[in-house]
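Here is the file work_12.txt (compact mmCIF, C-alpha atoms).
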```
# COMPACT_ATOMS: atom_id res chain seq x y z
CA MET A 8 -58.61 147.87 69.06
CA LYS A 9 -62.36 147.30 68.82
CA VAL A 10 -64.08 144.57 70.81
CA TYR A 11 -66.18 143.59 67.81
CA THR A 12 -64.68 143.00 64.39
CA LYS A 13 -67.68 141.46 62.56
CA THR A 14 -65.29 138.90 61.04
CA GLY A 15 -66.99 136.10 62.97
CA ASP A 16 -70.54 136.97 61.98
CA LYS A 17 -70.73 134.04 59.58
CA GLY A 18 -69.63 131.43 62.13
CA THR A 19 -65.88 131.40 61.63
CA THR A 20 -62.96 132.73 63.61
CA SER A 21 -59.20 133.08 63.16
CA LEU A 22 -56.56 130.98 64.84
CA ILE A 23 -53.16 132.39 65.71
CA GLY A 24 -51.41 132.13 62.37
CA GLY A 25 -54.37 133.46 60.39
CA LYS A 26 -56.22 130.27 59.43
CA ARG A 27 -60.01 130.68 59.61
CA VAL A 28 -62.02 127.82 61.08
CA SER A 29 -65.61 127.24 62.17
CA LYS A 30 -66.48 128.28 65.69
CA TYR A 31 -67.11 124.63 66.56
CA HIS A 32 -63.63 123.53 65.39
CA PRO A 33 -61.86 121.25 67.91
CA ARG A 34 -59.23 123.93 68.63
CA ILE A 35 -61.95 126.46 69.44
CA GLU A 36 -63.71 123.92 71.66
CA ALA A 37 -60.41 123.23 73.45
CA TYR A 38 -59.35 126.80 74.16
CA GLY A 39 -62.95 127.87 74.76
CA THR A 40 -63.26 125.29 77.53
CA VAL A 41 -59.95 126.48 79.00
CA ASP A 42 -61.42 130.00 78.93
CA GLU A 43 -64.49 128.72 80.79
CA LEU A 44 -62.21 127.21 83.44
CA ILE A 45 -60.30 130.50 83.78
CA SER A 46 -63.60 132.29 84.42
CA TYR A 47 -64.73 129.82 87.07
CA ILE A 48 -61.35 130.10 88.78
CA GLY A 49 -62.02 133.84 88.92
CA LEU A 50 -65.30 133.11 90.69
CA LEU A 51 -63.47 130.79 93.10
CA ARG A 52 -60.93 133.56 93.75
CA ASP A 53 -63.81 135.89 94.65
CA GLN A 54 -64.72 133.67 97.60
CA ASP A 55 -63.55 134.28 101.15
CA ILE A 56 -60.57 131.92 100.95
CA ASP A 57 -56.91 132.05 101.99
CA HIS A 58 -55.00 134.96 100.40
CA GLU A 59 -52.05 132.73 99.40
CA VAL A 60 -54.44 130.38 97.61
CA LYS A 61 -55.92 133.36 95.76
CA LEU A 62 -52.45 134.38 94.59
CA PHE A 63 -51.75 130.83 93.42
CA LEU A 64 -55.07 130.79 91.55
CA ILE A 65 -53.96 133.92 89.67
CA GLU A 66 -50.80 132.05 88.65
CA ILE A 67 -52.96 129.16 87.44
CA GLN A 68 -55.15 131.53 85.43
CA ASP A 69 -52.01 132.95 83.83
CA LYS A 70 -50.78 129.46 82.88
CA LEU A 71 -54.20 128.57 81.52
CA MET A 72 -54.06 131.67 79.31
CA SER A 73 -50.79 130.24 78.01
CA CYS A 74 -52.53 126.90 77.41
CA ALA A 75 -55.30 128.66 75.48
CA SER A 76 -52.71 130.48 73.36
CA ILE A 77 -50.93 127.23 72.56
CA LEU A 78 -54.22 125.58 71.61
CA ALA A 79 -55.19 128.57 69.43
CA ALA A 80 -51.89 128.59 67.52
CA ASP A 81 -51.93 126.89 64.14
CA CYS A 82 -48.59 127.93 62.73
CA THR A 83 -45.05 126.61 62.72
CA ASP A 84 -43.49 130.05 62.44
CA CYS A 85 -46.00 132.28 64.19
CA ARG A 86 -45.31 135.99 64.02
CA VAL A 87 -46.20 136.28 67.69
CA LYS A 88 -44.35 134.48 70.46
CA ILE A 89 -46.43 131.61 71.82
CA PRO A 90 -45.93 130.87 75.55
CA THR A 91 -44.99 127.40 76.74
CA ILE A 92 -45.95 125.08 79.55
CA LEU A 93 -42.92 123.59 81.27
CA PRO A 94 -42.49 120.62 83.60
CA SER A 95 -41.72 123.15 86.35
CA ASP A 96 -45.27 124.54 85.97
CA THR A 97 -46.71 121.11 86.73
CA GLN A 98 -44.22 120.62 89.57
CA LYS A 99 -45.49 123.83 91.20
CA ILE A 100 -48.98 122.37 91.27
CA GLU A 101 -47.67 119.09 92.67
CA LEU A 102 -45.88 120.95 95.47
CA GLU A 103 -49.13 122.72 96.41
CA ILE A 104 -51.03 119.44 96.36
CA ASP A 105 -48.38 117.82 98.57
CA LYS A 106 -48.45 120.78 100.96
CA PHE A 107 -52.26 120.65 101.25
CA GLU A 108 -52.31 116.88 101.71
CA THR A 109 -50.09 117.12 104.80
CA LEU A 110 -53.01 118.96 106.44
CA LEU A 111 -55.66 116.40 105.46
CA GLU A 112 -56.77 112.99 106.62
CA PRO A 113 -56.23 110.17 104.12
CA LEU A 114 -59.19 109.51 101.84
CA THR A 115 -61.19 106.35 102.41
CA SER A 116 -64.04 106.97 99.95
CA PHE A 117 -65.30 109.30 97.27
CA ILE A 118 -66.63 112.66 98.47
CA LEU A 119 -69.89 114.24 97.39
CA PRO A 120 -69.32 117.87 96.33
CA GLY A 121 -70.96 120.53 98.46
CA GLY A 122 -71.12 121.98 101.94
CA HIS A 123 -69.98 125.50 101.09
CA GLN A 124 -69.92 127.62 97.96
CA ALA A 125 -66.11 127.76 97.84
CA VAL A 126 -65.86 123.98 98.21
CA SER A 127 -68.47 123.46 95.48
CA LEU A 128 -66.66 125.88 93.16
CA CYS A 129 -63.48 123.85 93.56
CA HIS A 130 -65.44 120.83 92.32
CA VAL A 131 -66.90 122.83 89.41
CA CYS A 132 -63.35 123.84 88.46
CA ARG A 133 -62.23 120.22 88.79
CA THR A 134 -64.94 118.92 86.49
CA ILE A 135 -64.42 121.64 83.88
CA CYS A 136 -60.72 120.87 84.03
CA ARG A 137 -61.47 117.19 83.37
CA ARG A 138 -63.61 118.19 80.39
CA CYS A 139 -60.72 120.36 79.13
CA GLU A 140 -58.46 117.35 79.38
CA ARG A 141 -60.84 115.13 77.39
CA ILE A 142 -61.26 117.74 74.67
CA ILE A 143 -57.52 118.43 74.47
CA ILE A 144 -56.68 114.73 74.27
CA LYS A 145 -59.20 114.32 71.45
CA LEU A 146 -57.62 117.33 69.69
CA SER A 147 -54.16 115.76 70.14
CA GLU A 148 -55.29 112.80 68.03
CA GLU A 149 -55.75 115.21 65.08
CA THR A 150 -52.97 117.74 65.62
CA PRO A 151 -49.86 117.97 67.81
CA VAL A 152 -50.45 119.24 71.34
CA PRO A 153 -47.49 119.60 73.70
CA GLU A 154 -47.45 116.67 76.10
CA GLU A 155 -46.64 118.92 79.04
CA LEU A 156 -49.85 120.88 78.43
CA ILE A 157 -51.86 117.66 78.83
CA VAL A 158 -49.92 116.73 81.97
CA TYR A 159 -50.48 120.22 83.41
CA ILE A 160 -54.24 120.06 82.86
CA ASN A 161 -54.40 116.56 84.35
CA ARG A 162 -52.54 117.61 87.48
CA LEU A 163 -54.62 120.76 87.77
CA SER A 164 -57.83 118.77 88.20
CA ASP A 165 -56.16 116.91 91.09
CA PHE A 166 -55.23 120.27 92.59
CA PHE A 167 -58.85 121.44 92.61
CA PHE A 168 -59.97 118.26 94.33
CA VAL A 169 -57.36 118.61 97.08
CA LEU A 170 -58.10 122.33 97.37
CA SER A 171 -61.78 121.52 97.95
CA ARG A 172 -60.79 119.27 100.84
CA LYS A 173 -58.40 121.89 102.27
CA ILE A 174 -61.04 124.63 102.16
CA ALA A 175 -63.63 122.32 103.71
CA LYS A 176 -61.25 121.55 106.57
CA GLU A 177 -60.42 125.24 107.12
CA LEU A 178 -64.13 126.11 107.21
CA ASN A 179 -64.95 123.09 109.38
CA ILE A 180 -67.33 121.76 106.73
CA ASP A 181 -68.27 118.12 106.98
CA GLN A 182 -67.45 116.31 103.77
CA ILE A 183 -70.03 113.70 102.91
CA SER A 184 -68.55 110.39 101.89
CA TRP A 185 -70.20 108.48 99.10
CA ASN A 186 -71.18 105.04 100.26
CA PRO A 187 -72.79 103.12 97.40
CA LYS A 188 -76.07 101.45 98.25
CA ILE A 189 -75.74 97.89 97.04
```
What do you get writing this file as structure tokens?
Amino acid sequence: MKVYTKTGDKGTTSLIGGKRVSKYHPRIEAYGTVDELISYIGLLRDQDIDHEVKLFLIEIQDKLMSCASILAADCTDCRVKIPTILPSDTQKIELEIDKFETLLEPLTSFILPGGHQAVSLCHVCRTICRRCERIIIKLSEETPVPEELIVYINRLSDFFFVLSRKIAKELNIDQISWNPKI
């Protein structure tokens, strides 16, 4: 299989199912943003962070590849098997969030991102994840998107926020609270 096919040279690409659409089509924007998130999670994994967290991030990348496949599929009887996102996938994220939160002080204000590259990358992942969610919700107004996929992406952004706090605590990084100047 060649990396380049030249079929997209005129600004179109194929969805799973064979339909050709412009490269700015909402589906392409949705799964392209998921792909961006997967890449940034890879960069987060490359940081000096807990090994168990790295393994969980690989699981998340795998599930996000499933999300991208679902978003790229425009067929009711696809010839290839399309993966699914299940409530248990979201529950796994919730369990990690709950586990991390037992180690953290309760929040009393918003936190300004920063303090360490790994902490900042968590916030980059969180904000890209939020953008994914907005794009996917917009897409869902035009075409069916599995509800559990939207729930998964929503919960995932919460995970990255809590992970940023966990990593900051482990590295003894002071988190700067945002105190609005009124």
> For Met72 (chain A), which residue among A:Leu156, A:Ile56, A:Leu128, A:Ile135 is the nearest when counting only C-alpha atoms?
Replying inline: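 Checking each candidate against Met72 (chain A), we get A:Leu156 as the closest.
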> Can you tell me, as an NGL selection string, what residues are no more than 8 Å from region 184-189 of chain A when counting all atoms listed in the file, ignoring any on the same chain fewer than 4 positions away?
Replying inline: :A and (116-119)
Per residue of region 26-71 of chain A within 12 Å of region 169-179 of chain A, what are the shortest atom pair and its distance in Å to one decimal, counting all atoms listed in the file, with rows by chain and residue number, as JSON lines?
```
{"residue": "A:Leu51", "atom": "CA", "partner": "A:Ser171", "partner_atom": "CA", "distance": 10.6}
{"residue": "A:Gln54", "atom": "CA", "partner": "A:Ile174", "partner_atom": "CA", "distance": 10.8}
{"residue": "A:Asp55", "atom": "CA", "partner": "A:Ile174", "partner_atom": "CA", "distance": 10.0}
{"residue": "A:Ile56", "atom": "CA", "partner": "A:Ile174", "partner_atom": "CA", "distance": 7.4}
{"residue": "A:Asp57", "atom": "CA", "partner": "A:Ile174", "partner_atom": "CA", "distance": 8.5}
{"residue": "A:Val60", "atom": "CA", "partner": "A:Leu170", "partner_atom": "CA", "distance": 8.8}
{"residue": "A:Lys61", "atom": "CA", "partner": "A:Leu170", "partner_atom": "CA", "distance": 11.4}
{"residue": "A:Phe63", "atom": "CA", "partner": "A:Leu170", "partner_atom": "CA", "distance": 11.3}
{"residue": "A:Leu64", "atom": "CA", "partner": "A:Leu170", "partner_atom": "CA", "distance": 10.7}
```
Could you save those same residues with C-alpha atoms as a short mmCIF file (atom, residue, chain, number, x, y, z; two decimals), in the coordinates of the input?
```cif
data_model
loop_
_atom_site.label_atom_id
_atom_site.label_comp_id
_atom_site.auth_asym_id
_atom_site.auth_seq_id
_atom_site.Cartn_x
_atom_site.Cartn_y
_atom_site.Cartn_z
CA LEU A 51 -63.47 130.79 93.10
CA GLN A 54 -64.72 133.67 97.60
CA ASP A 55 -63.55 134.28 101.15
CA ILE A 56 -60.57 131.92 100.95
CA ASP A 57 -56.91 132.05 101.99
CA VAL A 60 -54.44 130.38 97.61
CA LYS A 61 -55.92 133.36 95.76
CA PHE A 63 -51.75 130.83 93.42
CA LEU A 64 -55.07 130.79 91.55
#
```
> Between CA of Ile104 (chain A) and CA of Glu155 (chain A), what is the spacing in Å?
Replying inline: 17.9 Å
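The shortest atom-to-atom distance to Val158 (chain A), with all atoms listed in the file taken into account, belongs to A:Gln98 out of A:Ser76, A:Ser46, A:Gln68, A:Gln98.
Distances here use all atoms listed in the file; by that measure, the residue among A:His32, A:Ile183, A:Glu43, A:Lys88 closest to Arg138 (chain A) is A:Glu43.
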